[in-house]
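*Asks:* Data file start33.cif (mmCIF, C-alpha atoms) is appended below.
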```cif
data_query
#
loop_
_atom_site.label_atom_id
_atom_site.label_comp_id
_atom_site.auth_asym_id
_atom_site.auth_seq_id
_atom_site.Cartn_x
_atom_site.Cartn_y
_atom_site.Cartn_z
CA MET A 24 103.05 81.59 91.63
CA ARG A 25 103.50 80.80 87.99
CA SER A 26 101.31 78.70 85.77
CA ASN A 27 104.17 78.32 83.31
CA ARG A 28 107.79 79.31 82.92
CA ALA A 29 106.97 82.25 80.66
CA ALA A 30 104.75 83.72 83.33
CA ALA A 31 107.58 83.40 85.80
CA VAL A 32 109.89 85.32 83.49
CA GLY A 33 107.39 88.14 83.27
CA ALA A 34 106.89 88.27 87.00
CA VAL A 35 110.56 88.78 87.79
CA THR A 36 111.60 91.27 85.14
CA MET A 37 112.41 93.80 87.86
CA SER A 38 114.63 91.34 89.67
CA LEU A 39 116.69 90.02 86.77
CA ALA A 40 119.45 92.48 87.60
CA LEU A 41 120.06 90.33 90.66
CA ALA A 42 120.74 87.21 88.61
CA VAL A 43 124.52 87.25 88.67
CA SER A 44 124.80 87.79 92.41
CA ALA A 45 121.72 85.78 93.32
CA CYS A 46 122.42 82.45 91.73
CA GLY A 47 124.83 79.78 92.76
CA GLY A 48 124.39 77.92 89.50
CA GLY A 49 123.76 74.55 91.15
CA SER A 50 126.99 74.06 93.05
CA SER A 51 129.95 72.18 91.75
CA THR A 52 130.84 68.80 93.19
CA ASP A 53 134.53 69.63 93.60
CA GLY A 54 135.34 66.91 91.13
CA GLY A 55 132.91 64.42 92.59
CA SER A 56 130.02 62.66 90.88
CA ASN A 57 126.29 62.72 91.48
CA ASP A 58 126.80 59.68 93.70
CA SER A 59 129.42 61.36 95.92
CA PRO A 60 128.88 65.12 96.00
CA LYS A 61 131.33 67.13 98.07
CA THR A 62 129.68 70.58 98.22
CA LEU A 63 126.12 71.90 98.45
CA THR A 64 124.88 75.46 98.41
CA TYR A 65 122.01 76.29 100.76
CA TRP A 66 119.83 79.38 100.91
CA ALA A 67 118.28 79.56 104.36
CA SER A 68 115.48 81.97 105.17
CA ASN A 69 116.00 84.53 107.94
CA GLN A 70 114.20 82.96 110.91
CA GLY A 71 115.85 84.63 113.89
CA ALA A 72 116.19 88.22 115.04
CA SER A 73 118.94 88.79 112.45
CA VAL A 74 120.93 87.07 109.73
CA GLU A 75 123.82 86.76 112.17
CA VAL A 76 121.63 84.94 114.69
CA ASP A 77 120.67 82.43 111.99
CA LYS A 78 124.30 81.81 111.09
CA LYS A 79 125.05 81.05 114.74
CA VAL A 80 122.14 78.60 114.87
CA LEU A 81 122.76 76.86 111.55
CA GLN A 82 126.52 76.70 111.08
CA PRO A 83 127.18 74.20 113.90
CA GLU A 84 124.54 71.90 112.41
CA LEU A 85 126.02 72.20 108.93
CA ASP A 86 129.46 71.41 110.37
CA LYS A 87 127.91 68.35 112.03
CA PHE A 88 126.46 67.25 108.67
CA GLU A 89 129.85 67.65 107.00
CA LYS A 90 131.52 65.59 109.71
CA GLN A 91 128.94 62.82 109.26
CA THR A 92 128.86 62.75 105.46
CA GLY A 93 131.91 64.55 104.11
CA ILE A 94 129.57 66.98 102.30
CA LYS A 95 130.29 70.67 102.89
CA VAL A 96 127.29 73.00 102.91
CA GLU A 97 127.90 76.60 101.88
CA LEU A 98 125.33 78.68 103.74
CA GLU A 99 123.71 81.95 102.76
CA VAL A 100 120.95 83.36 104.96
CA VAL A 101 118.64 85.43 102.76
CA PRO A 102 116.40 88.17 104.24
CA TRP A 103 112.69 87.77 103.56
CA SER A 104 112.64 91.06 101.65
CA ASP A 105 114.91 89.47 99.03
CA LEU A 106 114.09 85.79 99.20
CA LEU A 107 111.20 85.48 96.76
CA ASN A 108 112.86 87.55 94.04
CA ARG A 109 116.09 85.61 94.50
CA ILE A 110 114.24 82.32 94.10
CA LEU A 111 112.26 83.50 91.08
CA THR A 112 115.42 84.72 89.40
CA ALA A 113 116.97 81.32 90.00
CA THR A 114 113.96 79.47 88.57
CA THR A 115 114.04 81.51 85.36
CA SER A 116 117.81 81.45 84.87
CA GLY A 117 118.13 77.76 85.68
CA GLN A 118 120.85 78.65 88.18
CA GLY A 119 120.36 78.56 91.89
CA PRO A 120 121.38 76.81 95.08
CA ASP A 121 121.15 73.09 95.52
CA VAL A 122 118.83 73.36 98.52
CA LEU A 123 116.74 76.26 99.76
CA ASN A 124 114.11 77.26 102.26
CA ILE A 125 110.81 78.59 100.98
CA GLY A 126 107.83 80.06 102.78
CA ASN A 127 105.20 77.34 102.74
CA THR A 128 102.70 79.76 101.21
CA TRP A 129 104.84 79.83 98.06
CA SER A 130 104.87 76.07 97.57
CA ALA A 131 102.24 75.78 94.84
CA SER A 132 103.55 78.85 93.02
CA LEU A 133 107.13 77.63 92.91
CA GLN A 134 105.90 74.13 92.06
CA ALA A 135 104.27 75.58 88.94
CA THR A 136 107.61 76.83 87.63
CA GLY A 137 108.78 73.23 87.27
CA ALA A 138 112.13 74.18 88.81
CA LEU A 139 111.85 72.20 92.04
CA LEU A 140 112.42 68.50 92.61
CA PRO A 141 109.07 66.72 93.13
CA TRP A 142 108.85 64.76 96.37
CA ASP A 143 107.27 61.59 95.08
CA ALA A 144 107.02 58.43 97.16
CA LYS A 145 110.50 57.34 96.11
CA ASN A 146 112.10 60.58 97.25
CA PHE A 147 110.13 60.64 100.49
CA ASP A 148 111.27 57.09 101.20
CA LYS A 149 114.87 58.34 101.07
CA ILE A 150 114.18 60.62 104.04
CA GLY A 151 112.09 58.21 106.09
CA GLY A 152 108.67 58.47 104.45
CA LYS A 153 105.92 61.02 103.98
CA ASP A 154 103.96 59.76 106.96
CA ARG A 155 106.62 61.13 109.35
CA PHE A 156 105.15 64.62 108.81
CA VAL A 157 101.95 66.04 110.29
CA ASP A 158 99.07 66.46 107.87
CA SER A 159 98.72 70.24 108.23
CA ALA A 160 102.36 70.72 107.23
CA ILE A 161 102.10 68.38 104.23
CA GLY A 162 98.98 70.30 103.18
CA SER A 163 101.14 73.36 102.51
CA THR A 164 103.77 71.75 100.29
CA GLY A 165 102.13 72.16 96.88
CA ALA A 166 98.96 71.91 94.86
CA GLU A 167 96.45 69.23 95.75
CA GLY A 168 96.79 66.10 93.63
CA GLN A 169 100.47 66.70 92.80
CA ASP A 170 103.63 65.42 94.42
CA PRO A 171 104.84 67.98 96.98
CA ALA A 172 107.38 70.50 95.79
CA ALA A 173 109.08 70.67 99.18
CA VAL A 174 109.41 69.04 102.59
CA PRO A 175 108.22 70.68 105.84
CA LEU A 176 111.06 72.01 108.01
CA TYR A 177 109.55 74.39 110.60
CA SER A 178 105.88 74.77 111.51
CA MET A 179 104.53 78.02 112.92
CA SER A 180 101.30 79.79 113.64
CA TYR A 181 100.35 83.29 114.62
CA ALA A 182 99.67 84.13 118.24
CA LEU A 183 98.94 87.25 120.25
CA TYR A 184 101.93 88.27 122.38
CA TYR A 185 101.20 90.72 125.18
CA ASN A 186 103.32 92.62 127.69
CA LYS A 187 102.27 91.42 131.15
CA LYS A 188 103.43 94.54 133.02
CA MET A 189 101.75 96.95 130.62
CA PHE A 190 98.53 94.95 130.91
CA ALA A 191 98.71 94.95 134.71
CA ASP A 192 99.46 98.67 134.83
CA ALA A 193 96.38 99.32 132.66
CA GLY A 194 94.21 97.13 134.89
CA ILE A 195 93.74 94.44 132.22
CA SER A 196 93.60 91.00 133.82
CA GLU A 197 93.62 88.71 130.78
CA PRO A 198 94.41 88.85 127.07
CA PRO A 199 91.62 89.72 124.62
CA ALA A 200 89.79 86.84 122.97
CA THR A 201 87.81 88.88 120.41
CA TRP A 202 88.70 91.82 118.21
CA SER A 203 86.32 94.12 120.09
CA GLU A 204 88.14 93.21 123.30
CA LEU A 205 91.51 93.80 121.63
CA ILE A 206 90.41 97.25 120.49
CA ALA A 207 89.10 98.13 123.95
CA ASP A 208 92.35 96.98 125.53
CA GLY A 209 94.36 98.74 122.87
CA GLU A 210 92.64 102.03 123.63
CA LYS A 211 93.58 101.72 127.31
CA LEU A 212 97.15 100.90 126.41
CA SER A 213 97.66 103.62 123.77
CA LYS A 214 98.89 106.47 125.96
CA ASP A 215 102.04 108.26 127.13
CA GLY A 216 103.75 107.70 123.78
CA LYS A 217 103.04 103.97 123.76
CA TRP A 218 100.63 102.02 121.61
CA GLY A 219 98.31 99.08 122.02
CA LEU A 220 99.46 97.04 119.03
CA SER A 221 102.29 96.98 116.52
CA ILE A 222 101.99 95.82 112.91
CA GLU A 223 104.16 96.03 109.80
CA GLY A 224 102.16 97.96 107.26
CA SER A 225 105.00 98.06 104.74
CA ASN A 226 105.51 94.31 104.78
CA PRO A 227 103.28 92.75 102.06
CA SER A 228 103.84 89.21 103.35
CA GLU A 229 102.68 90.08 106.85
CA ASN A 230 99.73 91.99 105.39
CA ILE A 231 98.54 89.06 103.34
CA HIS A 232 98.72 86.62 106.25
CA HIS A 233 96.43 88.81 108.32
CA ALA A 234 94.17 89.57 105.35
CA VAL A 235 93.53 85.87 104.71
CA VAL A 236 92.57 85.34 108.36
CA PHE A 237 90.36 88.43 108.63
CA ALA A 238 88.60 87.57 105.38
CA LYS A 239 88.09 83.97 106.49
CA GLN A 240 86.57 85.21 109.74
CA HIS A 241 84.08 87.11 107.56
CA GLY A 242 83.32 83.95 105.57
CA ALA A 243 85.40 84.85 102.53
CA ASP A 244 88.26 83.36 100.53
CA PHE A 245 90.41 85.23 98.03
CA PHE A 246 90.04 82.48 95.41
CA THR A 247 87.04 80.54 94.17
CA ALA A 248 86.91 76.76 94.32
CA ASP A 249 88.30 76.57 90.77
CA GLY A 250 91.25 78.84 91.62
CA LYS A 251 90.03 82.14 90.18
CA PRO A 252 90.78 85.41 92.04
CA ASP A 253 87.87 86.78 94.06
CA PHE A 254 89.38 89.75 95.87
CA THR A 255 86.34 92.04 96.04
CA SER A 256 83.71 89.93 97.77
CA ASP A 257 81.96 91.61 100.68
CA GLY A 258 83.78 89.40 103.20
CA ALA A 259 87.23 90.05 101.72
CA VAL A 260 86.63 93.81 101.65
CA GLU A 261 85.25 93.79 105.18
CA GLY A 262 88.17 91.71 106.46
CA VAL A 263 90.85 93.92 104.91
CA LYS A 264 89.12 97.07 106.15
CA GLN A 265 88.91 95.67 109.68
CA PHE A 266 92.65 95.01 109.63
CA VAL A 267 93.60 98.46 108.31
CA ASP A 268 91.12 100.06 110.70
CA LEU A 269 93.29 99.01 113.61
CA MET A 270 95.29 102.06 112.58
CA ALA A 271 92.81 104.09 110.55
CA LYS A 272 89.72 103.98 112.77
CA ASP A 273 90.54 102.32 116.08
CA LYS A 274 93.86 104.18 116.40
CA ILE A 275 95.58 101.57 118.53
CA VAL A 276 98.47 101.29 116.03
CA ALA A 277 100.99 104.10 115.56
CA PRO A 278 100.76 105.79 112.13
CA GLY A 279 104.50 105.23 111.74
CA ASN A 280 103.84 101.49 111.55
CA ALA A 281 102.70 102.12 107.98
CA GLU A 282 106.39 102.23 107.09
CA TYR A 283 107.48 99.25 109.18
CA ALA A 284 109.08 96.29 107.44
CA GLN A 285 110.53 93.01 108.68
CA ASN A 286 110.99 92.65 112.45
CA GLN A 287 110.37 96.33 113.30
CA SER A 288 107.10 95.56 115.05
CA VAL A 289 108.81 92.81 117.04
CA SER A 290 111.55 95.24 118.05
CA ASP A 291 109.00 97.80 119.27
CA PHE A 292 107.25 95.16 121.35
CA ALA A 293 110.55 93.92 122.81
CA LYS A 294 111.46 97.50 123.81
CA GLY A 295 108.10 98.08 125.52
CA LYS A 296 106.89 100.62 122.97
CA THR A 297 103.80 98.55 122.21
CA ALA A 298 101.76 96.25 124.42
CA MET A 299 100.60 93.65 121.90
CA LEU A 300 102.06 91.92 118.87
CA LEU A 301 100.56 89.56 116.27
CA TRP A 302 103.42 87.35 115.11
CA GLN A 303 104.53 83.89 114.09
CA SER A 304 106.24 81.87 116.81
CA ALA A 305 107.97 84.95 118.27
CA SER A 306 109.34 83.74 121.61
CA SER A 307 112.97 83.17 120.58
CA ASN A 308 112.99 86.41 118.60
CA LEU A 309 111.80 88.32 121.68
CA THR A 310 114.25 86.71 124.09
CA THR A 311 117.10 87.39 121.65
CA GLN A 312 116.11 91.05 121.85
CA GLY A 313 116.30 91.12 125.63
CA MET A 314 112.88 90.10 126.92
CA SER A 315 112.49 87.42 129.53
CA GLU A 316 109.89 84.74 128.87
CA ASP A 317 108.26 85.96 132.08
CA ASP A 318 107.78 89.42 130.54
CA PHE A 319 105.24 88.39 127.93
CA GLY A 320 102.22 86.16 127.64
CA VAL A 321 101.04 84.19 124.61
CA ALA A 322 97.40 83.80 123.65
CA PRO A 323 95.42 82.76 120.56
CA VAL A 324 94.84 85.45 117.94
CA PRO A 325 91.38 86.97 118.57
CA VAL A 326 88.29 86.00 116.58
CA GLN A 327 85.09 87.89 115.81
CA SER A 328 83.22 86.23 118.67
CA GLY A 329 83.37 83.07 120.71
CA THR A 330 86.57 81.01 120.62
CA PRO A 331 88.93 79.84 117.87
CA GLY A 332 87.80 76.74 116.05
CA THR A 333 87.02 75.30 112.66
CA GLY A 334 85.29 77.20 109.88
CA GLU A 335 85.02 80.97 110.16
CA SER A 336 86.71 81.09 113.58
CA VAL A 337 90.16 80.45 112.09
CA ASN A 338 92.79 82.71 113.61
CA SER A 339 95.99 81.92 111.72
CA MET A 340 97.32 80.64 108.49
CA VAL A 341 99.26 77.38 108.62
CA MET A 342 102.64 79.05 108.62
CA GLY A 343 105.98 77.41 108.18
CA ILE A 344 109.14 76.90 106.24
CA ASN A 345 109.60 74.15 103.69
CA MET A 346 112.86 72.80 102.33
CA ALA A 347 113.15 72.38 98.57
CA VAL A 348 115.74 71.04 96.14
CA PHE A 349 116.37 72.58 92.73
CA LYS A 350 115.67 69.95 90.10
CA ASN A 351 118.81 70.82 88.12
CA THR A 352 121.21 70.39 91.04
CA ASP A 353 124.39 68.47 90.25
CA ASN A 354 124.13 66.97 93.72
CA VAL A 355 120.70 65.40 93.93
CA ASP A 356 121.85 62.57 96.18
CA GLY A 357 123.73 64.90 98.50
CA ALA A 358 120.84 67.36 98.53
CA THR A 359 118.42 64.59 99.49
CA GLU A 360 120.81 63.45 102.22
CA PHE A 361 120.91 67.02 103.55
CA VAL A 362 117.11 67.22 103.65
CA LYS A 363 117.07 63.90 105.51
CA PHE A 364 119.54 65.28 108.04
CA MET A 365 117.63 68.54 108.60
CA THR A 366 114.34 66.67 109.09
CA SER A 367 115.79 64.00 111.37
CA ASP A 368 114.32 63.87 114.87
CA ALA A 369 117.55 65.12 116.45
CA GLU A 370 117.91 68.15 114.15
CA GLN A 371 114.22 68.95 114.30
CA LYS A 372 114.47 69.28 118.08
CA ILE A 373 117.57 71.50 117.88
CA LEU A 374 116.36 73.79 115.11
CA ASN A 375 112.75 74.20 116.18
CA THR A 376 113.83 74.86 119.76
CA ALA A 377 116.17 77.58 118.52
CA TYR A 378 113.39 79.25 116.53
CA SER A 379 110.47 78.65 118.92
CA SER A 380 108.70 76.85 116.09
CA ILE A 381 106.96 73.48 116.11
CA PRO A 382 108.53 70.43 114.44
CA PRO A 383 106.43 69.22 111.51
CA VAL A 384 107.86 65.75 112.20
CA LYS A 385 105.43 63.84 114.42
CA THR A 386 107.96 62.04 116.59
CA ALA A 387 110.00 65.19 117.21
CA GLN A 388 106.91 67.20 118.14
CA THR A 389 106.27 65.03 121.19
CA ASP A 390 109.58 66.01 122.81
CA THR A 391 109.22 67.78 126.17
CA ALA A 392 111.01 70.82 124.75
CA PHE A 393 107.83 71.65 122.85
CA ASN A 394 105.47 71.38 125.79
CA THR A 395 105.86 74.99 126.91
CA THR A 396 102.86 77.26 127.48
CA ALA A 397 103.71 79.27 124.36
CA ASN A 398 104.03 76.14 122.22
CA ALA A 399 100.75 74.81 123.56
CA VAL A 400 99.01 77.82 121.99
CA LEU A 401 100.80 77.31 118.68
CA LYS A 402 100.11 73.57 118.54
CA GLU A 403 96.45 74.08 119.45
CA THR A 404 96.12 76.69 116.70
CA LEU A 405 97.77 74.49 114.07
CA ALA A 406 95.61 71.54 115.06
CA LYS A 407 92.23 73.25 115.29
CA SER A 408 91.98 76.78 113.92
CA ALA A 409 94.56 77.47 111.21
CA VAL A 410 93.88 77.54 107.48
CA ALA A 411 96.35 76.80 104.68
CA ALA A 412 97.31 79.50 102.24
CA PRO A 413 95.60 79.24 98.85
CA GLN A 414 97.41 76.39 97.11
CA VAL A 415 97.14 77.93 93.66
CA ALA A 416 99.80 78.55 91.04
CA ASP A 417 99.43 82.33 91.28
CA GLU A 418 99.62 82.50 95.08
CA SER A 419 102.82 84.56 95.20
CA GLN A 420 101.38 87.12 92.79
CA PHE A 421 98.35 87.27 95.07
CA GLU A 422 100.65 87.93 98.04
CA THR A 423 102.42 90.71 96.17
CA ALA A 424 99.31 92.35 94.70
CA VAL A 425 97.03 92.25 97.75
CA GLY A 426 99.85 92.71 100.26
CA THR A 427 100.94 95.84 98.40
CA ALA A 428 97.36 97.11 98.17
CA ILE A 429 97.11 96.87 101.96
CA LYS A 430 100.48 98.59 102.30
CA GLU A 431 99.07 101.50 100.30
CA LEU A 432 95.92 101.59 102.45
CA PHE A 433 98.06 101.85 105.57
CA ALA A 434 99.98 104.67 103.88
CA ASP A 435 96.66 106.44 103.23
CA SER A 436 95.76 106.10 106.90
CA ALA A 437 99.12 107.41 108.08
CA ALA A 438 98.77 110.41 105.76
CA GLY A 439 95.33 111.22 107.15
CA ARG A 440 93.41 110.08 104.08
CA ALA A 441 90.13 108.29 104.77
CA VAL A 442 90.05 104.50 104.47
CA THR A 443 86.51 103.58 103.44
CA THR A 444 84.74 100.48 102.24
CA GLU A 445 84.84 102.01 98.77
CA SER A 446 88.57 102.76 98.87
CA VAL A 447 89.35 99.27 100.16
CA LYS A 448 87.26 97.66 97.42
CA ALA A 449 88.95 99.83 94.78
CA ALA A 450 92.39 98.83 96.05
CA LEU A 451 91.46 95.14 95.95
CA GLU A 452 89.95 95.52 92.48
CA LYS A 453 93.21 97.06 91.28
CA ALA A 454 95.09 94.14 92.84
CA GLN A 455 92.85 91.62 91.12
CA GLN A 456 93.49 93.27 87.76
CA GLN A 457 97.21 92.58 88.27
CA MET A 458 96.63 88.84 88.41
CA PRO A 459 97.46 86.84 85.28
CA THR A 460 94.63 85.89 82.97
CA LYS A 461 94.29 82.25 82.09
#
```
Show me, as structure tokens, the structure contained in the file I just sent.

*Replies:*
Amino acid sequence: MRSNRAAAVGAVTMSLALAVSACGGGSSTDGGSNDSPKTLTYWASNQGASVEVDKKVLQPELDKFEKQTGIKVELEVVPWSDLLNRILTATTSGQGPDVLNIGNTWSASLQATGALLPWDAKNFDKIGGKDRFVDSAIGSTGAEGQDPAAVPLYSMSYALYYNKKMFADAGISEPPATWSELIADGEKLSKDGKWGLSIEGSNPSENIHHAVVFAKQHGADFFTADGKPDFTSDGAVEGVKQFVDLMAKDKIVAPGNAEYAQNQSVSDFAKGKTAMLLWQSASSNLTTQGMSEDDFGVAPVPVQSGTPGTGESVNSMVMGINMAVFKNTDNVDGATEFVKFMTSDAEQKILNTAYSSIPPVKTAQTDTAFNTTANAVLKETLAKSAVAAPQVADESQFETAVGTAIKELFADSAAGRAVTTESVKAALEKAQQQMPTK
């Protein structure tokens, strides 16, 4: 995200007004010392259907940790729309929580600020060792060749969720495996006020996840091997256009989805307004909103042709949540103990079951709770056909710039303006110009 602290300051000018309310200041120890901290502050990301759902999931576990250690954890669940700006404000002010969740795609960016505790061999040994975690999860914890900036907490991948009844009513016997099949199915399903697919066109983070996959399927990356932006290659342009065309050309996505933000597409799917959903580990979110697990099926995200696999047939980013510690915490020992607790086998089973995610801890992943049909799709994707986000220092600026460019392209489509190869390339060129120069 930032190649140096000054760059981070520039990137969060708009969010500095949040500083007073956003930052915990590295919590006090209630009179304790670094060796016996009594209180930790924890910013958790919103993983469930609502902030309240997350509080119900997490608070019993935090109470359990306090009972075991005597360390109280003050929880704040932060919505995704606010989380990155809150973190960036904390990195520039030097004040923040003791422990926090970060999207794994931000790892290298936040690592570059220098604000997070490096997880060197010594620190990993305190939580049971680095080799407890699966390789794909460790691969999204920071820049290659550097000590990780965070520890994997939840692993996720995208999948295609489909409404079984709507498929049966339309005479569709199996989920689509390719994009052409998805479009054909979507056309059959887009009728009587319902739509084939729901997306979140106003959600830059969702946009960028799909853009990376679509571009990769067209043989393109958004960064060169030496980390320079390359947003306007033919494959990147073609991939972004194909994604936006689901609304603009194929018309299997409602124009109103151009204004959708976090969880609105999931809500539409849960209410039967749309027949398909592309989402990360959505099962618990859907059941929380009233769907039975028998109501929906889970399949791999489609590819251009053939089946998902290595190389250009990737169909997801390696998604997940990492747990980080602010370097300037007063409670480094307590914070490390908390990370150890949250990544223990027992807690990994509880938390990842609650969120329908996959434990990044090898021994927890083998539990029978994660052998469901839905999880089989996610585990297969993570093992064979998912690609890590660009592990570059400016990754979060990439997410913001390109994700917003796609948001504007969806807005063009919803307003009836043509989305062309030329307009997509111009939008990506504008996004590339917003990237910092080295």

*Asks:* Please determine, counting all atoms listed in the file, which residue among A:Phe266, A:Tyr378, A:Phe364, A:Phe246 has the shortest atom-to-atom distance to Ser307 in chain A.

*Replies:*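 That would be A:Tyr378, the residue with the smallest distance to Ser307 in chain A.
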
*Asks:* Using the chain letters and numbering of this document, enumerate as a list in words the residues selected by the PyMOL selection byres ((chain A and resi 255-265) around 7).

*Replies:*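 Against this file, the PyMOL selection byres ((chain A and resi 255-265) around 7) returns the residues Ala234, Phe237, Ala238, His241, Gly242, Ala243, Asp244, Phe245, Asp253, Phe254, Phe266, Val267, Asp268, Leu269, Thr444, Val447, Lys448, Leu451 and Glu452 of chain A.
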
*Asks:* If you count only C-alpha atoms, which residues fall within 10 Å of range 70-75 of chain A, apart from same-chain ones fewer than 6 positions away, as a ChimeraX atom specification?

*Replies:* /A:81,99-103,177,285-286,289-290,304-305,307-312,344,377-380

*Asks:* Using all atoms listed in the file, which of the listed residues (A:Leu133, A:Ile125, A:Val174, A:Met314) sits closest to Met365 in chain A?

*Replies:*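 Of A:Leu133, A:Ile125, A:Val174, A:Met314, the one nearest Met365 in chain A, counting all atoms listed in the file, is A:Val174.
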
*Asks:* Just how far from CA of Ala428 in chain A is CA of Asn108 in chain A, in Å to one decimal?

*Replies:* 18.7 Å

*Asks:* Smallest atom-to-atom distance to Ala166 in chain A: which of A:Ser132, A:Asn146, A:Thr64, A:Asn186, using all atoms listed in the file?

*Replies:* A:Ser132

*Asks:* Could you name the residues that touch Pro252 in chain A at 10 Å or less, counting all atoms listed in the file, but leaving out those on the same chain fewer than 3 positions away, as a PyMOL selection string?

*Replies:* chain A and resi 244-249+255+415+417-418+421+454-456+458-460

*Asks:* Which one is closest to Leu212 in chain A: A:Thr297, A:Thr391, A:Ser228, A:Ser446? Count all atoms listed in the file.

*Replies:*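 For Leu212 in chain A, the nearest of the candidates is A:Thr297.
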
*Asks:* For a test of reading the model, state the distance in Å between CA of Ile110 in chain A and CA of Ala284 in chain A, rounded to one decimal.

*Replies:* 20.0 Å

*Asks:* If we count only C-alpha atoms, what is near Ala138 in chain A at a cut-off of 7 Å, once residues fewer than 4 positions away on the same chain are taken out, given as a PyMOL selection string?

*Replies:* chain A and resi 114+349-350

*Asks:* Suppose you want the space between CA of Leu405 in chain A and CA of Pro323 in chain A; what is it in Å?

*Replies:*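 Between CA of Leu405 in chain A and CA of Pro323 in chain A the gap works out to 10.8 Å.
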
*Asks:* Using only C-alpha atoms, find the one residue out of A:Asp318, A:Glu370, A:Asp170, A:Glu197 that sits nearest to Phe292 in chain A.

*Replies:*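 Going through A:Asp318, A:Glu370, A:Asp170, A:Glu197 one by one, the smallest distance to Phe292 in chain A is for A:Asp318.
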
*Asks:* Please list as number ranges by chain every residue within 9 Å of Gly334 in chain A, counting all atoms listed in the file and excluding residues in the same chain fewer than 5 positions away.

*Replies:* A: 239-240, 242, 408, 410

*Asks:* So, counting all atoms listed in the file, which residue among A:Asp435, A:Asp158, A:Asp317, A:Asp291 is closest to Trp218 in chain A?

*Replies:*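 When distances to Trp218 in chain A are compared using all atoms listed in the file, the smallest one comes from A:Asp291.
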